[in-house]
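Asker: TSV, C-alpha atoms, saved as final.tsv, coming up:
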```
chain	number	residue	atom	x	y	z
A	1	ALA	CA	-35.48	-49.25	10.31
A	2	THR	CA	-32.51	-49.10	12.63
A	3	GLY	CA	-30.13	-49.13	9.66
A	4	CYS	CA	-31.80	-46.00	8.30
A	5	GLY	CA	-31.45	-44.14	11.56
A	6	CYS	CA	-35.23	-43.87	12.04
A	7	LEU	CA	-36.41	-42.32	15.27
A	8	TRP	CA	-39.10	-44.78	16.28
A	9	GLU	CA	-39.40	-48.45	17.21
A	10	SER	CA	-42.28	-50.84	16.92
A	11	GLY	CA	-44.33	-51.18	20.09
A	12	SER	CA	-43.20	-47.91	21.62
A	13	SER	CA	-44.33	-44.33	21.47
A	14	SER	CA	-41.91	-42.24	19.44
A	15	SER	CA	-42.93	-39.05	21.18
A	16	GLU	CA	-42.21	-40.60	24.57
A	17	LYS	CA	-39.03	-42.44	23.69
A	18	TYR	CA	-37.61	-39.82	21.33
A	19	PRO	CA	-39.08	-36.42	22.26
A	20	THR	CA	-36.87	-34.62	19.71
A	21	TRP	CA	-37.89	-36.30	16.45
A	22	GLN	CA	-40.83	-34.04	15.60
A	23	PRO	CA	-38.96	-30.71	15.37
A	24	ARG	CA	-36.22	-32.39	13.35
A	25	MET	CA	-38.67	-33.98	10.93
A	26	GLN	CA	-40.43	-30.63	10.51
A	27	PHE	CA	-37.09	-29.00	9.74
A	28	ALA	CA	-36.20	-31.67	7.18
A	29	LEU	CA	-39.52	-31.31	5.37
A	30	ALA	CA	-39.28	-27.53	5.38
A	31	PHE	CA	-35.73	-27.74	4.04
A	32	ILE	CA	-36.82	-29.98	1.16
A	33	VAL	CA	-39.61	-27.61	0.24
A	34	ALA	CA	-37.57	-24.41	0.52
A	35	VAL	CA	-34.26	-25.58	-0.93
A	36	GLY	CA	-34.87	-28.71	-2.93
A	37	ALA	CA	-37.76	-27.37	-4.95
A	38	ALA	CA	-35.98	-24.24	-6.16
A	39	PRO	CA	-33.37	-25.91	-8.37
A	40	LEU	CA	-36.01	-28.15	-10.00
A	41	SER	CA	-38.05	-25.17	-11.10
A	42	ALA	CA	-35.09	-22.91	-11.93
A	43	PRO	CA	-34.68	-23.98	-15.60
A	44	ALA	CA	-38.32	-23.24	-16.37
A	45	LYS	CA	-38.17	-19.87	-14.67
A	46	THR	CA	-34.97	-18.78	-16.37
A	47	LYS	CA	-35.80	-20.05	-19.85
A	48	GLY	CA	-35.49	-17.19	-22.31
A	49	ALA	CA	-34.19	-14.81	-19.66
A	50	THR	CA	-31.23	-12.54	-20.26
A	51	PRO	CA	-27.96	-13.16	-18.31
A	52	LEU	CA	-28.74	-10.14	-16.13
A	53	MET	CA	-32.20	-11.52	-15.29
A	54	ARG	CA	-30.78	-14.96	-14.49
A	55	SER	CA	-28.15	-13.40	-12.23
A	56	SER	CA	-30.89	-11.49	-10.40
A	57	MET	CA	-32.94	-14.70	-10.01
A	58	ARG	CA	-29.95	-16.56	-8.57
A	59	ARG	CA	-29.33	-13.79	-6.03
A	60	HIS	CA	-33.02	-13.87	-5.09
A	61	ASN	CA	-32.97	-17.64	-4.58
A	62	LEU	CA	-29.82	-17.47	-2.45
A	63	ALA	CA	-31.29	-14.68	-0.36
A	64	ALA	CA	-34.48	-16.69	0.14
A	65	ARG	CA	-32.52	-19.72	1.29
A	66	ALA	CA	-30.44	-17.64	3.68
A	67	SER	CA	-33.65	-16.13	5.06
A	68	PHE	CA	-35.08	-19.63	5.58
A	69	PHE	CA	-32.01	-20.78	7.52
A	70	ASN	CA	-31.96	-17.65	9.67
A	71	LYS	CA	-35.65	-18.02	10.45
A	72	ASN	CA	-35.17	-21.67	11.32
A	73	ASN	CA	-32.27	-20.74	13.63
A	74	GLU	CA	-34.54	-18.29	15.42
A	75	ASN	CA	-37.20	-20.99	15.83
A	76	GLN	CA	-34.62	-23.43	17.20
A	77	ASP	CA	-33.29	-20.80	19.60
A	78	ALA	CA	-36.81	-20.29	20.90
A	79	ALA	CA	-37.24	-24.05	21.29
A	80	HIS	CA	-33.97	-24.29	23.20
A	81	THR	CA	-35.07	-21.47	25.48
A	82	ASN	CA	-38.37	-23.30	26.19
A	83	GLY	CA	-36.52	-26.45	27.24
A	84	HIS	CA	-36.42	-28.53	24.04
A	85	HIS	CA	-33.14	-30.26	23.08
A	86	ASN	CA	-31.56	-29.08	26.32
A	87	TYR	CA	-28.62	-31.47	26.19
A	88	GLY	CA	-26.23	-31.30	29.09
A	89	PRO	CA	-22.47	-30.59	28.88
A	90	GLY	CA	-21.59	-34.28	28.67
A	91	HIS	CA	-24.29	-35.26	26.19
A	92	LYS	CA	-23.33	-37.02	22.97
A	93	PHE	CA	-24.75	-34.12	20.92
A	94	GLY	CA	-22.05	-31.78	22.21
A	95	ALA	CA	-21.79	-28.52	24.13
A	96	PRO	CA	-24.54	-26.99	26.30
A	97	VAL	CA	-27.39	-25.25	24.50
A	98	THR	CA	-26.35	-21.76	25.57
A	99	SER	CA	-22.87	-22.06	24.09
A	100	ARG	CA	-24.14	-23.57	20.83
A	101	ILE	CA	-26.63	-20.72	20.43
A	102	ALA	CA	-23.97	-18.12	21.19
A	103	ASN	CA	-21.51	-19.60	18.70
A	104	ARG	CA	-23.97	-19.99	15.82
A	105	ARG	CA	-23.16	-17.87	12.79
A	106	PRO	CA	-26.36	-17.12	10.89
A	107	LEU	CA	-26.16	-16.89	7.12
A	108	THR	CA	-26.17	-13.40	5.71
A	109	ARG	CA	-28.10	-12.15	2.75
A	110	VAL	CA	-26.22	-12.38	-0.55
A	111	ARG	CA	-25.41	-8.94	-1.93
A	112	ALA	CA	-24.57	-7.81	-5.41
A	113	ASP	CA	-20.87	-7.49	-6.30
A	114	LYS	CA	-21.21	-3.74	-6.83
A	115	GLU	CA	-21.72	-3.24	-3.10
A	116	TYR	CA	-18.18	-4.48	-2.41
A	117	GLU	CA	-16.40	-2.23	-4.87
A	118	GLY	CA	-14.33	0.35	-3.00
A	119	LYS	CA	-13.16	3.70	-4.25
A	120	LYS	CA	-9.56	2.51	-4.65
A	121	LEU	CA	-10.66	-0.46	-6.74
A	122	ALA	CA	-12.51	1.87	-9.09
A	123	GLU	CA	-9.41	4.04	-9.30
A	124	LEU	CA	-7.35	0.96	-10.12
A	125	PHE	CA	-9.43	0.01	-13.14
A	126	ALA	CA	-9.69	3.61	-14.31
A	127	GLY	CA	-5.93	4.02	-14.04
A	128	ASN	CA	-5.34	0.79	-15.92
A	129	LYS	CA	-7.64	1.90	-18.72
A	130	LYS	CA	-5.79	5.19	-19.10
A	131	TRP	CA	-2.39	3.45	-18.96
A	132	SER	CA	-3.48	0.94	-21.60
A	133	GLU	CA	-4.72	3.69	-23.90
A	134	ASP	CA	-1.48	5.64	-23.47
A	135	MET	CA	0.71	2.58	-24.11
A	136	MET	CA	-1.27	1.50	-27.16
A	137	THR	CA	-0.89	5.04	-28.53
A	138	THR	CA	2.78	5.66	-27.73
A	139	ASN	CA	4.27	2.16	-27.60
A	140	ARG	CA	2.04	-0.22	-29.54
A	141	PRO	CA	4.96	-2.35	-30.87
A	142	LEU	CA	6.08	-3.14	-27.32
A	143	MET	CA	2.57	-4.17	-26.26
A	144	GLU	CA	2.17	-6.36	-29.32
A	145	PHE	CA	5.54	-7.97	-28.58
A	146	LEU	CA	4.61	-8.61	-24.93
A	147	GLY	CA	1.37	-10.18	-26.08
A	148	GLY	CA	3.40	-13.10	-27.36
A	149	THR	CA	6.48	-13.49	-25.18
A	150	GLN	CA	8.86	-12.04	-22.60
A	151	GLU	CA	12.65	-11.72	-22.69
A	152	PRO	CA	13.72	-10.16	-19.38
A	153	LYS	CA	17.42	-9.92	-18.61
A	154	LEU	CA	16.87	-8.90	-14.99
A	155	MET	CA	15.31	-10.80	-12.10
A	156	TRP	CA	14.12	-9.02	-8.97
A	157	ILE	CA	13.66	-10.70	-5.59
A	158	GLY	CA	12.03	-8.00	-3.51
A	159	CYS	CA	9.78	-7.28	-0.57
A	160	ALA	CA	6.01	-7.33	-0.94
A	161	ASP	CA	5.90	-3.84	0.61
A	162	SER	CA	3.62	-1.57	-1.43
A	163	ARG	CA	6.22	1.20	-1.44
A	164	VAL	CA	8.70	-0.76	-3.58
A	165	PRO	CA	7.22	-1.26	-7.08
A	166	GLU	CA	10.28	-2.41	-9.01
A	167	SER	CA	9.29	-1.29	-12.52
A	168	MET	CA	8.19	2.15	-11.35
A	169	ILE	CA	11.21	2.99	-9.19
A	170	THR	CA	13.63	1.85	-11.91
A	171	GLY	CA	11.81	3.38	-14.87
A	172	MET	CA	11.67	0.02	-16.63
A	173	ASN	CA	9.04	-1.08	-19.13
A	174	PRO	CA	6.83	-4.15	-18.73
A	175	GLY	CA	8.71	-7.27	-19.75
A	176	GLU	CA	12.14	-6.09	-18.58
A	177	ILE	CA	12.15	-7.42	-15.01
A	178	PHE	CA	11.12	-10.92	-13.94
A	179	THR	CA	9.86	-10.52	-10.40
A	180	ILE	CA	9.01	-12.39	-7.24
A	181	ARG	CA	8.20	-10.59	-3.99
A	182	ASN	CA	7.49	-11.73	-0.45
A	183	VAL	CA	7.75	-10.48	3.13
A	184	ALA	CA	11.28	-9.14	3.76
A	185	ASN	CA	12.66	-10.13	0.31
A	186	GLN	CA	13.74	-13.60	1.36
A	187	ALA	CA	15.15	-16.39	-0.80
A	188	GLN	CA	14.71	-19.21	1.65
A	189	ILE	CA	16.11	-22.53	0.47
A	190	SER	CA	12.93	-24.33	1.59
A	191	ASP	CA	10.54	-21.95	-0.21
A	192	ASN	CA	9.20	-23.57	-3.39
A	193	ALA	CA	7.76	-20.28	-4.66
A	194	VAL	CA	11.12	-18.51	-4.71
A	195	ASN	CA	13.03	-21.55	-5.94
A	196	SER	CA	10.54	-22.17	-8.75
A	197	ALA	CA	10.85	-18.55	-9.85
A	198	ILE	CA	14.65	-18.76	-9.79
A	199	GLN	CA	14.59	-22.00	-11.78
A	200	PHE	CA	12.24	-20.57	-14.41
A	201	GLY	CA	14.01	-17.23	-14.59
A	202	VAL	CA	17.51	-18.68	-14.92
A	203	LEU	CA	16.97	-21.82	-17.00
A	204	ALA	CA	13.93	-20.90	-19.10
A	205	LEU	CA	14.12	-17.10	-19.50
A	206	GLY	CA	17.89	-16.77	-19.30
A	207	VAL	CA	18.08	-13.81	-16.92
A	208	GLU	CA	21.62	-12.50	-16.61
A	209	ASP	CA	21.41	-10.49	-13.37
A	210	ILE	CA	19.50	-11.28	-10.18
A	211	MET	CA	18.91	-8.40	-7.81
A	212	VAL	CA	17.93	-9.04	-4.21
A	213	CYS	CA	16.38	-5.79	-3.03
A	214	GLY	CA	15.83	-4.93	0.62
A	215	HIS	CA	14.36	-1.62	1.72
A	216	TYR	CA	14.78	0.57	4.76
A	217	GLY	CA	11.92	0.48	7.25
A	218	CYS	CA	11.05	-3.14	6.36
A	219	GLY	CA	8.24	-4.39	8.59
A	220	GLY	CA	9.34	-8.01	8.40
A	221	ALA	CA	12.85	-7.19	9.61
A	222	LYS	CA	11.41	-4.95	12.31
A	223	ALA	CA	9.16	-7.76	13.52
A	224	SER	CA	12.16	-10.08	13.82
A	225	LEU	CA	13.74	-7.70	16.33
A	226	THR	CA	10.91	-8.21	18.82
A	227	ASN	CA	10.38	-11.08	21.24
A	228	GLN	CA	6.80	-11.51	20.08
A	229	ASP	CA	5.47	-14.79	18.69
A	230	PHE	CA	3.51	-13.83	15.57
A	231	GLY	CA	2.14	-17.33	15.01
A	232	ALA	CA	2.34	-19.56	11.96
A	233	PRO	CA	3.24	-19.07	9.22
A	234	LEU	CA	4.65	-15.56	9.78
A	235	GLU	CA	6.75	-16.58	12.77
A	236	GLN	CA	8.46	-19.32	10.77
A	237	TRP	CA	8.96	-16.94	7.85
A	238	ILE	CA	10.79	-14.25	9.81
A	239	GLY	CA	12.77	-16.83	11.82
A	240	PRO	CA	15.71	-16.78	9.37
A	241	ILE	CA	16.03	-13.02	9.85
A	242	ARG	CA	16.47	-13.63	13.57
A	243	ASP	CA	19.26	-16.05	12.59
A	244	VAL	CA	20.92	-13.28	10.58
A	245	TYR	CA	20.88	-11.15	13.71
A	246	ARG	CA	22.38	-14.00	15.74
A	247	THR	CA	25.18	-14.45	13.20
A	248	HIS	CA	26.06	-10.72	13.32
A	249	ARG	CA	24.99	-10.04	16.89
A	250	GLU	CA	28.27	-8.56	18.09
A	251	TYR	CA	28.27	-6.02	15.26
A	252	LEU	CA	24.57	-5.15	15.54
A	253	ASP	CA	24.56	-4.84	19.33
A	254	GLY	CA	27.41	-2.34	19.06
A	255	LEU	CA	25.32	0.02	16.92
A	256	PRO	CA	22.97	2.74	18.23
A	257	GLU	CA	19.46	1.35	18.46
A	258	ALA	CA	18.24	3.82	15.84
A	259	ASP	CA	20.67	2.35	13.27
A	260	ARG	CA	20.21	-1.30	14.15
A	261	LEU	CA	17.14	-2.01	12.01
A	262	ASN	CA	18.56	-0.65	8.77
A	263	ALA	CA	21.84	-2.47	9.38
A	264	LEU	CA	19.93	-5.73	9.84
A	265	ILE	CA	18.03	-5.05	6.61
A	266	GLU	CA	21.30	-4.70	4.71
A	267	LEU	CA	22.77	-7.85	6.26
A	268	ASN	CA	19.61	-9.81	5.50
A	269	THR	CA	19.78	-8.69	1.86
A	270	VAL	CA	23.34	-10.00	1.58
A	271	GLU	CA	22.32	-13.26	3.24
A	272	GLN	CA	19.57	-13.77	0.68
A	273	CYS	CA	22.10	-13.27	-2.13
A	274	LEU	CA	24.08	-16.13	-0.64
A	275	ASN	CA	20.93	-18.25	-0.62
A	276	VAL	CA	20.37	-17.48	-4.30
A	277	LEU	CA	23.90	-18.63	-5.11
A	278	ARG	CA	23.25	-21.86	-3.21
A	279	THR	CA	20.39	-22.94	-5.50
A	280	ALA	CA	21.00	-25.66	-8.07
A	281	PRO	CA	19.68	-23.73	-11.13
A	282	VAL	CA	22.04	-20.82	-10.44
A	283	GLN	CA	25.03	-23.08	-9.91
A	284	GLN	CA	24.16	-25.07	-13.02
A	285	LYS	CA	23.93	-21.96	-15.21
A	286	ARG	CA	27.10	-20.46	-13.77
A	287	ALA	CA	28.98	-23.70	-14.46
A	288	GLU	CA	27.78	-23.68	-18.07
A	289	THR	CA	28.85	-20.05	-18.59
A	290	ALA	CA	32.01	-20.03	-16.49
A	291	LYS	CA	34.36	-19.57	-19.46
A	292	GLN	CA	32.38	-17.00	-21.41
A	293	PRO	CA	33.60	-13.38	-21.73
A	294	GLY	CA	32.43	-11.31	-18.79
A	295	GLY	CA	32.30	-14.22	-16.40
A	296	PRO	CA	29.55	-16.61	-15.38
A	297	ILE	CA	25.90	-15.68	-15.27
A	298	PRO	CA	23.62	-15.02	-13.58
A	299	ARG	CA	25.35	-12.37	-11.56
A	300	VAL	CA	23.80	-11.72	-8.14
A	301	HIS	CA	23.55	-8.22	-6.64
A	302	ALA	CA	22.57	-6.87	-3.22
A	303	VAL	CA	20.68	-3.57	-3.39
A	304	VAL	CA	18.67	-1.54	-0.88
A	305	TYR	CA	15.87	0.93	-1.61
A	306	ASP	CA	15.04	3.98	0.50
A	307	PRO	CA	11.30	4.79	0.34
A	308	ALA	CA	11.98	8.21	1.84
A	309	THR	CA	14.18	9.35	-1.08
A	310	GLY	CA	13.25	6.94	-3.87
A	311	LEU	CA	16.92	6.03	-4.37
A	312	LEU	CA	18.18	2.51	-5.02
A	313	LYS	CA	21.62	1.83	-3.52
A	314	ASP	CA	23.99	-0.82	-4.83
A	315	MET	CA	25.73	-2.31	-1.80
A	316	ASN	CA	28.71	-3.26	-3.99
A	317	VAL	CA	29.01	-6.69	-2.44
A	318	ASP	CA	31.29	-9.09	-4.30
A	319	THR	CA	28.89	-12.02	-4.14
A	320	ASP	CA	31.29	-14.32	-6.01
A	321	LYS	CA	33.92	-13.76	-3.33
A	322	LEU	CA	31.26	-14.15	-0.64
A	323	PHE	CA	30.17	-17.51	-2.04
A	324	ALA	CA	33.78	-18.66	-2.39
A	325	THR	CA	34.13	-18.24	1.38
A	326	TYR	CA	31.48	-20.94	1.90
A	327	LYS	CA	32.13	-22.97	-1.25
A	328	ASP	CA	33.15	-26.05	0.74
A	329	LEU	CA	29.67	-25.99	2.33
A	330	TYR	CA	27.38	-24.92	-0.52
A	331	ASP	CA	29.05	-25.95	-3.78
A	332	LEU	CA	26.95	-28.68	-5.40
A	333	LYS	CA	29.84	-29.77	-7.68
A	334	ILE	CA	27.82	-29.19	-10.83
A	335	GLU	CA	29.90	-29.44	-13.98
A	336	ALA	CA	29.09	-27.96	-17.37
```
Write out the structure in this file as C-alpha cells.

Answerer:
Amino acid sequence: ATGCGCLWESGSSSSEKYPTWQPRMQFALAFIVAVGAAPLSAPAKTKGATPLMRSSMRRHNLAARASFFNKNNENQDAAHTNGHHNYGPGHKFGAPVTSRIANRRPLTRVRADKEYEGKKLAELFAGNKKWSEDMMTTNRPLMEFLGGTQEPKLMWIGCADSRVPESMITGMNPGEIFTIRNVANQAQISDNAVNSAIQFGVLALGVEDIMVCGHYGCGGAKASLTNQDFGAPLEQWIGPIRDVYRTHREYLDGLPEADRLNALIELNTVEQCLNVLRTAPVQQKRAETAKQPGGPIPRVHAVVYDPATGLLKDMNVDTDKLFATYKDLYDLKIEA
C-alpha cells in the first residue's frame, strides 16, 4: 500500500490521520468520469459524421472539460476558504493557500478559429488571391517555372522592419532575390540562421551579389543607443551594434545628436558586410572564382534604404579593400 502512495494505513482512521484524502479521491473519480469516459465513447459518437460535425464535437468536448476544471477550481477555492488544505508557508506542498489561489490560471473555453481572424488577416488572404489571379493571367510561365526551382542571382540580408519589403521596393519578381531578414540587418558570425542562409545562397544557389541593407530609423540601432537592458535574447542581439558605436565613438560623438542614429545605421551596415566576407562559404567561393573575368564572386554591397522617400542608396563601399585591411585577421587561407 505504501508503494502505491495510498492515503490510509491499517489500524488507523484515514480521516483522522489524513484529513485531505477524501476531497482528492472525489476529484480523481470525477476526473475519470468527466475526462476519461469521453475519448472511449468518441468513436461511436462520431461514426458516420462529417468532418464539420466531428470538429464541432471535439470543440464541445474540450469546452466541457475546461468547464469541469474551472468548476473544480471553484470548489477547491471554497474548500481552502473554509479551512481545508490550509498548508502553511513552510509546508511540503508549497506556498500558502492564498497565493496559490491568486496565481491559478483557470482554463478558458475553446473557441472556433473564426473568432481569431482579424480584419488584416482577411485582407492578406484576399490580396494574395487577387495577386495570384493576376500573376497566373499575366505571367503564367514565371509561376510555372517557380513551381519547380529558383535561380536567384541576388541575396539580401535586411532588417525585419515591415517598411522594407525587398522585392517590392526594388520592383523584382519572385525568385530573383534570396532573402534573410532579422532585427537590424545583422550578419553575426555566431548566428546559425544567417550563416546557413549564406552557405545555401552562395554554394547551392550560386548568388553573385550579396546586399546588406540597413534602413534609416532602424529600431534595433536606436535601442542600442540607450542604456536600457532589454533582456535576453534582444539585449545580446543588439550588443554588437553597441560595439560598432564603441569602435567609431570619436566620429559619432562629434556629430549632432539628430544625425547620430543614421550614421550608426550606415556604419553597422558596413560592419555586417565585413562579417559576410569573414564567412567560410563566401571565402571559399571567392577563392574558386578569383581568376574569372569580372573578379571573384559573390560581391558584397552596403546599401541603405530610406522609408520616407522609398529610395535605396548604394554606399559605394569598396568591400574588397575593406576586407584586405583586416585580411591578416579574417582570411581563412582557403585555396581553390

Asker: Pick from A:Ala280, A:Ala221, A:Ala204, A:Ala232: nearest to Glu335 in chain A, with only C-alpha atoms counted?

Answerer: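 Of A:Ala280, A:Ala221, A:Ala204, A:Ala232, the one nearest Glu335 in chain A, counting only C-alpha atoms, is A:Ala280.
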
Asker: Select, from A:Asn227, A:Asn128, A:Glu208, A:Tyr251, the residue with the minimum atom-to-atom distance to Arg286 in chain A, counting all atoms listed in the file.

Answerer: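 Distance minimum relative to Arg286 in chain A lands on A:Glu208.
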
Asker: For Gln284 in chain A, which residue out of A:Val212, A:Ile189, A:Ala122, A:Ile334 is the nearest one, using all atoms listed in the file?

Answerer: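 Smallest distance to Gln284 in chain A is found for A:Ile334.
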
Asker: List as a ChimeraX atom specification the protein and nucleic acid residues near range 255-267 of chain A, meaning an atom at most 8 Å away when only C-alpha atoms are counted, but skip any in the same chain fewer than 6 places from it.

Answerer: /A:214-218,221-222,225,244-245,304

Asker: Could the residues in this selection be written to a file with C-alpha atoms, as a short mmCIF file (atom, residue, chain, number, x, y, z; two decimals), in the coordinates of the input?

Answerer:
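Output file result19.cif is given in full below:
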```cif
data_model
loop_
_atom_site.label_atom_id
_atom_site.label_comp_id
_atom_site.auth_asym_id
_atom_site.auth_seq_id
_atom_site.Cartn_x
_atom_site.Cartn_y
_atom_site.Cartn_z
CA GLY A 214 15.83 -4.93 0.62
CA HIS A 215 14.36 -1.62 1.72
CA TYR A 216 14.78 0.57 4.76
CA GLY A 217 11.92 0.48 7.25
CA CYS A 218 11.05 -3.14 6.36
CA ALA A 221 12.85 -7.19 9.61
CA LYS A 222 11.41 -4.95 12.31
CA LEU A 225 13.74 -7.70 16.33
CA VAL A 244 20.92 -13.28 10.58
CA TYR A 245 20.88 -11.15 13.71
CA VAL A 304 18.67 -1.54 -0.88
#
```

Asker: Pick out the closest residue to Asn275 in chain A from this set: A:Leu154, A:Ala187, A:Val207, A:Cys213. Count all atoms listed in the file.

Answerer: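 Looking at the shortest contact to Asn275 in chain A, the residue is A:Ala187.
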
Asker: Extract, using only C-alpha atoms, all DNA, RNA and protein residues at most 12 Å from Pro298 in chain A, discarding same-chain residues fewer than 5 positions from it, and format them as a PyMOL selection string.

Answerer: chain A and resi 153-155+198-199+201-203+205-211+273+276-277+279+281-290+292+319-320

Asker: Since we have the selection now, will you write its residues out, keeping C-alpha atoms, as a tab-separated table (two decimals), in the coordinates of the input?

Answerer:
```
chain	number	residue	atom	x	y	z
A	153	LYS	CA	17.42	-9.92	-18.61
A	154	LEU	CA	16.87	-8.90	-14.99
A	155	MET	CA	15.31	-10.80	-12.10
A	198	ILE	CA	14.65	-18.76	-9.79
A	199	GLN	CA	14.59	-22.00	-11.78
A	201	GLY	CA	14.01	-17.23	-14.59
A	202	VAL	CA	17.51	-18.68	-14.92
A	203	LEU	CA	16.97	-21.82	-17.00
A	205	LEU	CA	14.12	-17.10	-19.50
A	206	GLY	CA	17.89	-16.77	-19.30
A	207	VAL	CA	18.08	-13.81	-16.92
A	208	GLU	CA	21.62	-12.50	-16.61
A	209	ASP	CA	21.41	-10.49	-13.37
A	210	ILE	CA	19.50	-11.28	-10.18
A	211	MET	CA	18.91	-8.40	-7.81
A	273	CYS	CA	22.10	-13.27	-2.13
A	276	VAL	CA	20.37	-17.48	-4.30
A	277	LEU	CA	23.90	-18.63	-5.11
A	279	THR	CA	20.39	-22.94	-5.50
A	281	PRO	CA	19.68	-23.73	-11.13
A	282	VAL	CA	22.04	-20.82	-10.44
A	283	GLN	CA	25.03	-23.08	-9.91
A	284	GLN	CA	24.16	-25.07	-13.02
A	285	LYS	CA	23.93	-21.96	-15.21
A	286	ARG	CA	27.10	-20.46	-13.77
A	287	ALA	CA	28.98	-23.70	-14.46
A	288	GLU	CA	27.78	-23.68	-18.07
A	289	THR	CA	28.85	-20.05	-18.59
A	290	ALA	CA	32.01	-20.03	-16.49
A	292	GLN	CA	32.38	-17.00	-21.41
A	319	THR	CA	28.89	-12.02	-4.14
A	320	ASP	CA	31.29	-14.32	-6.01
```

Asker: Closest to Lys313 in chain A among A:His301, A:Phe125, A:Asn139, A:Asn192, using only C-alpha atoms?

Answerer: A:His301

Asker: So how far away is CA of Leu311 in chain A from CA of Gly171 in chain A, in Å?

Answerer: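 Computing the Euclidean distance for CA of Gly171 in chain A and CA of Leu311 in chain A yields 12.0 Å.
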
Asker: Kindly indicate which residue among A:Val183, A:Glu144, A:Phe200, A:Gly295 lies nearest to Ala160 in chain A, using only C-alpha atoms for the distances.

Answerer: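 Ranking A:Val183, A:Glu144, A:Phe200, A:Gly295 by distance to Ala160 in chain A, first place goes to A:Val183.
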
Asker: What does the distance between CA of Gly158 in chain A and CA of Thr170 in chain A come to in Å, to one decimal place?

Answerer: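 Taking CA of Gly158 in chain A and CA of Thr170 in chain A, their separation equals 13.0 Å.
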
Asker: Just to confirm, what's the straight-line distance from CA of Ala197 in chain A to CA of Gly310 in chain A in Å (one decimal)?

Answerer: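 Computing it gives 26.3 Å between the two atoms.
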
Asker: Which residues come within 12 Å of Phe145 in chain A, counting only C-alpha atoms, excluding same-chain residues fewer than 6 positions away, as an mmCIF file with C-alpha atoms, in the frame of the given file?

Answerer:
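selection24.cif written:
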```
data_model
loop_
_atom_site.group_PDB
_atom_site.id
_atom_site.type_symbol
_atom_site.label_atom_id
_atom_site.label_comp_id
_atom_site.auth_asym_id
_atom_site.auth_seq_id
_atom_site.Cartn_x
_atom_site.Cartn_y
_atom_site.Cartn_z
ATOM 1 C CA MET A 136 -1.270 1.500 -27.160
ATOM 2 C CA ASN A 139 4.270 2.160 -27.600
ATOM 3 C CA GLU A 151 12.650 -11.720 -22.690
ATOM 4 C CA PRO A 174 6.830 -4.150 -18.730
ATOM 5 C CA GLY A 175 8.710 -7.270 -19.750
#
```

Asker: Give the padded box for range 148-157 of chain A as JSON: axis-aligned, covering all atoms listed in the file, 6 Å on each side, centre and edge lengths in Å to one decimal.

Answerer:
```
{"center_x": 10.4, "center_y": -11.2, "center_z": -16.5, "size_x": 26.0, "size_y": 16.6, "size_z": 33.8}
```

Asker: Got a minute to add N, CA, C and O atoms to range 116-126 of chain A and dump it as a CSV table (one decimal), keeping the file's coordinate frame?

Answerer:
```csv
chain,number,residue,atom,x,y,z
A,116,TYR,N,-19.5,-4.3,-3.0
A,116,TYR,CA,-18.2,-4.5,-2.4
A,116,TYR,C,-17.1,-3.7,-3.1
A,116,TYR,O,-15.9,-3.7,-2.7
A,117,GLU,N,-17.4,-3.0,-4.1
A,117,GLU,CA,-16.4,-2.2,-4.9
A,117,GLU,C,-16.0,-0.9,-4.1
A,117,GLU,O,-16.9,-0.1,-3.9
A,118,GLY,N,-14.8,-0.8,-3.7
A,118,GLY,CA,-14.3,0.4,-3.0
A,118,GLY,C,-13.9,1.4,-4.0
A,118,GLY,O,-13.7,1.2,-5.2
A,119,LYS,N,-13.6,2.6,-3.4
A,119,LYS,CA,-13.2,3.7,-4.2
A,119,LYS,C,-11.8,3.4,-4.9
A,119,LYS,O,-11.6,3.7,-6.1
A,120,LYS,N,-10.9,2.8,-4.1
A,120,LYS,CA,-9.6,2.5,-4.6
A,120,LYS,C,-9.6,1.5,-5.8
A,120,LYS,O,-8.8,1.5,-6.7
A,121,LEU,N,-10.5,0.5,-5.7
A,121,LEU,CA,-10.7,-0.5,-6.7
A,121,LEU,C,-11.1,0.2,-8.0
A,121,LEU,O,-10.6,-0.1,-9.1
A,122,ALA,N,-12.1,1.1,-7.9
A,122,ALA,CA,-12.5,1.9,-9.1
A,122,ALA,C,-11.4,2.7,-9.7
A,122,ALA,O,-11.2,2.8,-10.9
A,123,GLU,N,-10.6,3.3,-8.8
A,123,GLU,CA,-9.4,4.0,-9.3
A,123,GLU,C,-8.4,3.1,-10.0
A,123,GLU,O,-7.8,3.5,-11.0
A,124,LEU,N,-8.3,1.9,-9.5
A,124,LEU,CA,-7.4,1.0,-10.1
A,124,LEU,C,-7.7,0.7,-11.6
A,124,LEU,O,-6.9,0.7,-12.5
A,125,PHE,N,-9.0,0.3,-11.8
A,125,PHE,CA,-9.4,0.0,-13.1
A,125,PHE,C,-9.4,1.2,-14.1
A,125,PHE,O,-9.1,1.1,-15.2
A,126,ALA,N,-9.7,2.4,-13.5
A,126,ALA,CA,-9.7,3.6,-14.3
A,126,ALA,C,-8.3,3.9,-14.7
A,126,ALA,O,-8.0,4.3,-15.8
```
